[in-house]
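For reference, coords37.cif (mmCIF, C-alpha atoms and all ligand atoms):
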```cif
data_final
loop_
_atom_site.group_PDB
_atom_site.id
_atom_site.type_symbol
_atom_site.label_atom_id
_atom_site.label_comp_id
_atom_site.auth_asym_id
_atom_site.auth_seq_id
_atom_site.Cartn_x
_atom_site.Cartn_y
_atom_site.Cartn_z
ATOM 1 C CA MET A 2 15.640 6.846 -8.015
ATOM 2 C CA ARG A 3 15.197 7.893 -11.582
ATOM 3 C CA ARG A 4 13.458 4.618 -12.260
ATOM 4 C CA SER A 5 11.077 5.062 -9.362
ATOM 5 C CA ALA A 6 10.074 8.465 -10.600
ATOM 6 C CA TRP A 7 9.406 7.112 -14.030
ATOM 7 C CA LEU A 8 7.282 4.323 -12.637
ATOM 8 C CA ALA A 9 5.219 6.779 -10.674
ATOM 9 C CA GLY A 10 4.294 8.640 -13.777
ATOM 10 C CA MET A 11 3.778 5.577 -15.907
ATOM 11 C CA ALA A 12 1.946 3.407 -13.416
ATOM 12 C CA GLY A 13 -1.109 2.948 -15.582
ATOM 13 C CA VAL A 14 0.887 2.040 -18.646
ATOM 14 C CA VAL A 15 3.097 -0.360 -16.743
ATOM 15 C CA THR A 16 0.087 -2.315 -15.581
ATOM 16 C CA VAL A 17 -0.917 -2.911 -19.166
ATOM 17 C CA ALA A 18 2.623 -3.916 -20.068
ATOM 18 C CA VAL A 19 2.653 -6.617 -17.405
ATOM 19 C CA VAL A 20 -0.380 -8.270 -18.918
ATOM 20 C CA ALA A 21 1.239 -8.296 -22.314
ATOM 21 C CA ALA A 22 4.499 -9.669 -20.963
ATOM 22 C CA CYS A 23 2.831 -12.456 -19.060
ATOM 23 C CA SER A 24 0.765 -13.643 -21.965
ATOM 24 C CA SER A 25 3.254 -13.428 -24.766
ATOM 25 C CA SER A 26 6.752 -13.701 -23.445
ATOM 26 C CA THR A 27 8.600 -16.659 -22.074
ATOM 27 C CA ASP A 28 11.999 -15.111 -21.681
ATOM 28 C CA ASN A 29 10.772 -12.459 -19.305
ATOM 29 C CA GLY A 30 10.536 -14.666 -16.282
ATOM 30 C CA SER A 31 8.710 -13.957 -13.108
ATOM 31 C CA ALA A 32 11.685 -12.207 -11.609
ATOM 32 C CA GLY A 33 12.333 -10.154 -14.681
ATOM 33 C CA GLY A 34 10.380 -7.142 -13.585
ATOM 34 C CA TYR A 35 12.514 -6.425 -10.614
ATOM 35 C CA GLY A 36 15.905 -5.114 -9.806
ATOM 36 C CA GLY A 37 16.611 -5.468 -6.144
ATOM 37 C CA SER A 38 19.189 -2.759 -5.960
ATOM 38 C CA GLY A 39 17.016 -0.118 -7.490
ATOM 39 C CA ARG A 40 14.296 -0.266 -4.906
ATOM 40 C CA SER A 41 13.970 2.141 -2.073
ATOM 41 C CA SER A 42 11.556 2.581 0.746
ATOM 42 C CA ASP A 43 9.322 4.797 -1.294
ATOM 43 C CA ALA A 44 8.972 2.206 -4.016
ATOM 44 C CA GLY A 45 6.333 0.481 -1.956
ATOM 45 C CA VAL A 46 4.054 3.444 -2.308
ATOM 46 C CA PHE A 47 3.391 2.442 -5.849
ATOM 47 C CA GLY A 48 2.246 -0.945 -4.781
ATOM 48 C CA GLY A 49 1.699 -3.685 -7.232
ATOM 49 C CA ARG A 50 1.984 -1.456 -10.196
ATOM 50 C CA ASP A 51 5.755 -1.124 -10.306
ATOM 51 C CA ARG A 52 6.069 -4.239 -12.390
ATOM 52 C CA GLY A 53 7.071 -5.295 -15.795
ATOM 53 C CA SER A 54 9.776 -2.774 -16.480
ATOM 54 C CA GLY A 55 12.310 -5.403 -17.476
ATOM 55 C CA ALA A 56 15.445 -6.672 -15.820
ATOM 56 C CA GLN A 57 17.344 -3.497 -16.330
ATOM 57 C CA ASP A 58 20.182 -4.104 -13.946
ATOM 58 C CA GLY A 59 20.300 -7.866 -14.187
ATOM 59 C CA SER A 60 19.864 -8.494 -10.499
ATOM 60 C CA ILE A 61 17.228 -10.790 -9.118
ATOM 61 C CA ASP A 62 15.553 -10.218 -5.803
ATOM 62 C CA VAL A 63 14.304 -13.567 -4.611
ATOM 63 C CA ARG A 64 12.257 -12.038 -1.824
ATOM 64 C CA VAL A 65 10.264 -9.985 -4.270
ATOM 65 C CA ASP A 66 9.931 -12.988 -6.526
ATOM 66 C CA LEU A 67 8.164 -14.844 -3.738
ATOM 67 C CA ALA A 68 5.780 -11.958 -3.368
ATOM 68 C CA ASP A 69 5.212 -12.212 -7.080
ATOM 69 C CA SER A 70 3.856 -15.705 -6.797
ATOM 70 C CA SER A 71 1.451 -14.982 -3.953
ATOM 71 C CA ASP A 72 0.209 -11.456 -4.485
ATOM 72 C CA ALA A 73 1.474 -8.569 -6.519
ATOM 73 C CA ARG A 74 -0.221 -5.892 -4.501
ATOM 74 C CA ALA A 75 1.389 -3.938 -1.701
ATOM 75 C CA ALA A 76 -1.614 -4.296 0.551
ATOM 76 C CA GLU A 77 -4.995 -5.944 0.575
ATOM 77 C CA ILE A 78 -8.190 -5.732 2.547
ATOM 78 C CA VAL A 79 -8.720 -8.854 4.630
ATOM 79 C CA SER A 80 -11.423 -10.081 6.949
ATOM 80 C CA CYS A 81 -10.903 -8.824 10.480
ATOM 81 C CA THR A 82 -12.526 -11.943 11.850
ATOM 82 C CA GLN A 83 -10.012 -14.187 10.141
ATOM 83 C CA ALA A 84 -6.877 -12.187 10.829
ATOM 84 C CA THR A 85 -5.066 -11.208 13.984
ATOM 85 C CA ALA A 86 -4.196 -7.559 13.871
ATOM 86 C CA ALA A 87 -0.635 -6.658 14.745
ATOM 87 C CA GLN A 88 -1.716 -3.075 15.223
ATOM 88 C CA VAL A 89 -5.015 -1.319 15.806
ATOM 89 C CA ILE A 90 -5.337 2.243 14.628
ATOM 90 C CA GLN A 91 -8.340 4.062 15.972
ATOM 91 C CA ALA A 92 -10.111 6.464 13.680
ATOM 92 C CA ARG A 93 -11.777 9.354 15.452
ATOM 93 C CA LEU A 94 -11.597 13.089 15.528
ATOM 94 C CA PRO A 95 -9.345 14.876 15.527
ATOM 95 C CA TYR A 96 -6.542 12.341 14.916
ATOM 96 C CA PHE A 97 -5.865 8.731 14.180
ATOM 97 C CA ASP A 98 -4.519 7.017 17.275
ATOM 98 C CA PRO A 99 -1.727 6.214 16.927
ATOM 99 C CA THR A 100 -0.881 8.347 13.937
ATOM 100 C CA SER A 101 2.017 6.136 12.940
ATOM 101 C CA ALA A 102 2.963 2.532 13.441
ATOM 102 C CA THR A 103 5.615 0.085 12.320
ATOM 103 C CA VAL A 104 4.688 -3.496 11.531
ATOM 104 C CA PRO A 105 6.454 -6.453 9.935
ATOM 105 C CA GLU A 106 5.791 -7.628 6.428
ATOM 106 C CA LEU A 107 2.478 -9.482 6.029
ATOM 107 C CA ALA A 108 1.132 -7.970 9.234
ATOM 108 C CA VAL A 109 -2.481 -6.934 9.464
ATOM 109 C CA VAL A 110 -3.460 -3.474 10.622
ATOM 110 C CA GLU A 111 -6.970 -2.963 11.887
ATOM 111 C CA PHE A 112 -8.463 0.453 11.286
ATOM 112 C CA LYS A 113 -11.298 0.882 13.753
ATOM 113 C CA ASN A 114 -13.725 3.736 14.059
ATOM 114 C CA THR A 115 -13.894 4.567 17.752
ATOM 115 C CA ASP A 116 -15.321 8.030 17.293
ATOM 116 C CA PRO A 117 -17.498 8.837 20.304
ATOM 117 C CA ASP A 118 -19.439 11.453 18.374
ATOM 118 C CA GLY A 119 -20.677 9.171 15.635
ATOM 119 C CA ASN A 120 -18.560 10.464 12.782
ATOM 120 C CA PRO A 121 -17.752 8.131 9.920
ATOM 121 C CA HIS A 122 -14.105 7.903 8.888
ATOM 122 C CA THR A 123 -11.937 6.327 6.242
ATOM 123 C CA ALA A 124 -8.324 5.239 6.120
ATOM 124 C CA THR A 125 -7.279 5.907 2.562
ATOM 125 C CA SER A 126 -3.731 5.416 1.375
ATOM 126 C CA GLY A 127 -2.014 8.421 -0.090
ATOM 127 C CA GLU A 128 -0.789 11.799 0.961
ATOM 128 C CA VAL A 129 -2.264 15.194 1.608
ATOM 129 C CA LYS A 130 -0.184 17.587 -0.445
ATOM 130 C CA ALA A 131 -0.700 21.298 -0.033
ATOM 131 C CA GLY A 132 -4.089 20.600 1.480
ATOM 132 C CA THR A 133 -5.192 18.317 -1.325
ATOM 133 C CA PRO A 134 -5.722 14.630 -0.595
ATOM 134 C CA THR A 135 -4.053 12.434 -3.190
ATOM 135 C CA PRO A 136 -4.985 8.757 -3.002
ATOM 136 C CA ASP A 137 -2.402 6.295 -4.283
ATOM 137 C CA GLY A 138 -4.780 3.370 -4.664
ATOM 138 C CA ILE A 139 -2.943 0.931 -2.409
ATOM 139 C CA PHE A 140 -5.785 0.579 0.074
ATOM 140 C CA ASP A 141 -8.971 2.304 1.099
ATOM 141 C CA THR A 142 -11.190 1.197 3.930
ATOM 142 C CA GLY A 143 -14.107 3.167 2.580
ATOM 143 C CA SER A 144 -16.413 4.854 5.010
ATOM 144 C CA MET A 145 -16.430 3.177 8.398
ATOM 145 C CA ALA A 146 -19.315 3.808 10.734
ATOM 146 C CA PRO A 147 -18.616 4.091 14.466
ATOM 147 C CA GLY A 148 -17.752 0.654 15.782
ATOM 148 C CA ALA A 149 -16.766 -0.686 12.385
ATOM 149 C CA SER A 150 -13.337 -2.037 11.516
ATOM 150 C CA VAL A 151 -11.529 -2.701 8.277
ATOM 151 C CA CYS A 152 -8.340 -4.761 8.217
ATOM 152 C CA VAL A 153 -5.472 -4.314 5.792
ATOM 153 C CA ARG A 154 -2.645 -6.776 5.269
ATOM 154 C CA PHE A 155 0.627 -5.148 4.233
ATOM 155 C CA ILE A 156 2.429 -7.379 1.806
ATOM 156 C CA ARG A 157 5.479 -5.333 0.958
ATOM 157 C CA LYS A 158 8.022 -3.360 2.874
ATOM 158 C CA GLY A 159 7.640 0.350 2.502
ATOM 159 C CA VAL A 160 6.110 3.465 3.949
ATOM 160 C CA TYR A 161 2.382 3.851 3.514
ATOM 161 C CA PRO A 162 0.861 7.219 4.323
ATOM 162 C CA PHE A 163 -2.891 7.439 4.701
ATOM 163 C CA TYR A 164 -5.572 9.928 5.598
ATOM 164 C CA CYS A 165 -9.273 10.179 6.260
ATOM 165 C CA LYS A 166 -11.152 11.381 3.213
ATOM 166 C CA LEU A 167 -13.617 13.225 5.400
ATOM 167 C CA HIS A 168 -11.196 14.893 7.809
ATOM 168 C CA TYR A 169 -7.885 14.930 6.012
ATOM 169 C CA ASP A 170 -6.810 18.270 7.435
ATOM 170 C CA SER A 171 -6.073 16.641 10.759
ATOM 171 C CA MET A 172 -6.506 12.924 10.237
ATOM 172 C CA GLN A 173 -3.317 11.686 8.622
ATOM 173 C CA GLY A 174 -1.128 8.753 9.481
ATOM 174 C CA GLN A 175 1.565 6.446 8.273
ATOM 175 C CA ILE A 176 2.293 2.735 8.353
ATOM 176 C CA THR A 177 5.877 1.584 8.008
ATOM 177 C CA VAL A 178 6.316 -2.018 6.945
ATOM 178 C CA GLU A 179 9.759 -3.444 7.544
HETATM 179 CU CU CU B 201 -12.466 11.087 9.456
#
```

Can you present the structure in this file as structure tokens?
Amino acid sequence: MRRSAWLAGMAGVVTVAVVAACSSSTDNGSAGGYGGSGRSSDAGVFGGRDRGSGAQDGSIDVRVDLADSSDARAAEIVSCTQATAAQVIQARLPYFDPTSATVPELAVVEFKNTDPDGNPHTATSGEVKAGTPTPDGIFDTGSMAPGASVCVRFIRKGVYPFYCKLHYDSMQGQITVE
């Protein structure tokens, strides 16, 4: 857990370190940035940025290594017309519906504005802490007009809280990827 906390604070620096490691080092292999035993469910919150910290405990997580080769991010926006959503989350006042969902790894979640009163909404990853929305940068649908959808593919296991930037007092939700 100590490592996770450090990564949270150093996320920006770690990203730079990965670039340096990839371009200049051959002994820091693709699995080197990960220790399987040190990860916890909240590690996913930090998305693709928890990389490059070195093989501190010597363990290699092959599953994560596979993710390494395809996509380092924890989630990505995908075309709704080319993906089959495992879960639809409706965005409308006063709440997302459903407010929480559990999907398997690589599943696509469709965020759809079904607001009958014409309000735009977003689904923005992060938490609302003490009334202050704090985006974590993993995904953001941007403003969706009524009828619009944005699809997000979840690449890594973890818990992904989100909120609507415009109505975050009531519109908060959570995706669990397992
Ligand atoms: Cu909203």

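The spacing separating atom CA of A:Val109 from atom CA of A:Ile90 amounts to 10.9 Å.
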
Work out how far atom CA of A:Gln83 is from atom CA of A:Pro121, in Å to one decimal.
-> 23.6 Å

Run the PyMOL selection byres (((chain A and resi 136) around 9) and not hetatm) against the file shown and list the residues it catches, as a PyMOL selection string.
-> chain A and resi 125-129+134-135+137-141+163-164

Which chains and residue numbers are within 10 Å of ligand CU 201 (chain B), counting only C-alpha atoms and all ligand atoms, if I want them as JSON, numbers by chain?
-> {"A": [92, 93, 94, 95, 96, 97, 114, 116, 120, 121, 122, 123, 124, 144, 145, 164, 165, 166, 167, 168, 169, 170, 171, 172, 173]}

Find the axis-aligned box for stretch 127-142 of chain A, covering all its listed atoms and adding 8 Å on each side, and write its centre and edge lengths in Å to one decimal as JSON.
```
{"center_x": -5.7, "center_y": 10.9, "center_z": -0.4, "size_x": 27.0, "size_y": 36.7, "size_z": 24.6}
```

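What the PyMOL selection byres (((chain A and resi 85) around 10) and not hetatm) picks from this file is Ser80, Cys81, Thr82, Gln83, Ala84, Ala86, Ala87, Gln88, Ala108, Val109, Val110, Glu111 and Cys152 of chain A.
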
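Pairwise distance (atom CA of A:Lys158, atom CA of A:Ala76) equals 10.0 Å.
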
With only C-alpha atoms as the basis for distance, which of A:Ala102, A:Thr177, A:Lys113, A:Arg74 is at the shortest distance from A:Val151?
-> A:Lys113

Nearest residue to A:Gly159 from the set A:Pro105, A:Pro147, A:Pro99, A:Gly174 (distances using all atoms listed in the file) | A:Pro105

Of the residues A:Thr142, A:Ala75, A:Leu107, A:Ala131, which is the one nearest to A:Tyr161, using all atoms listed in the file?
->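 For A:Tyr161, the nearest of the candidates is A:Ala75.
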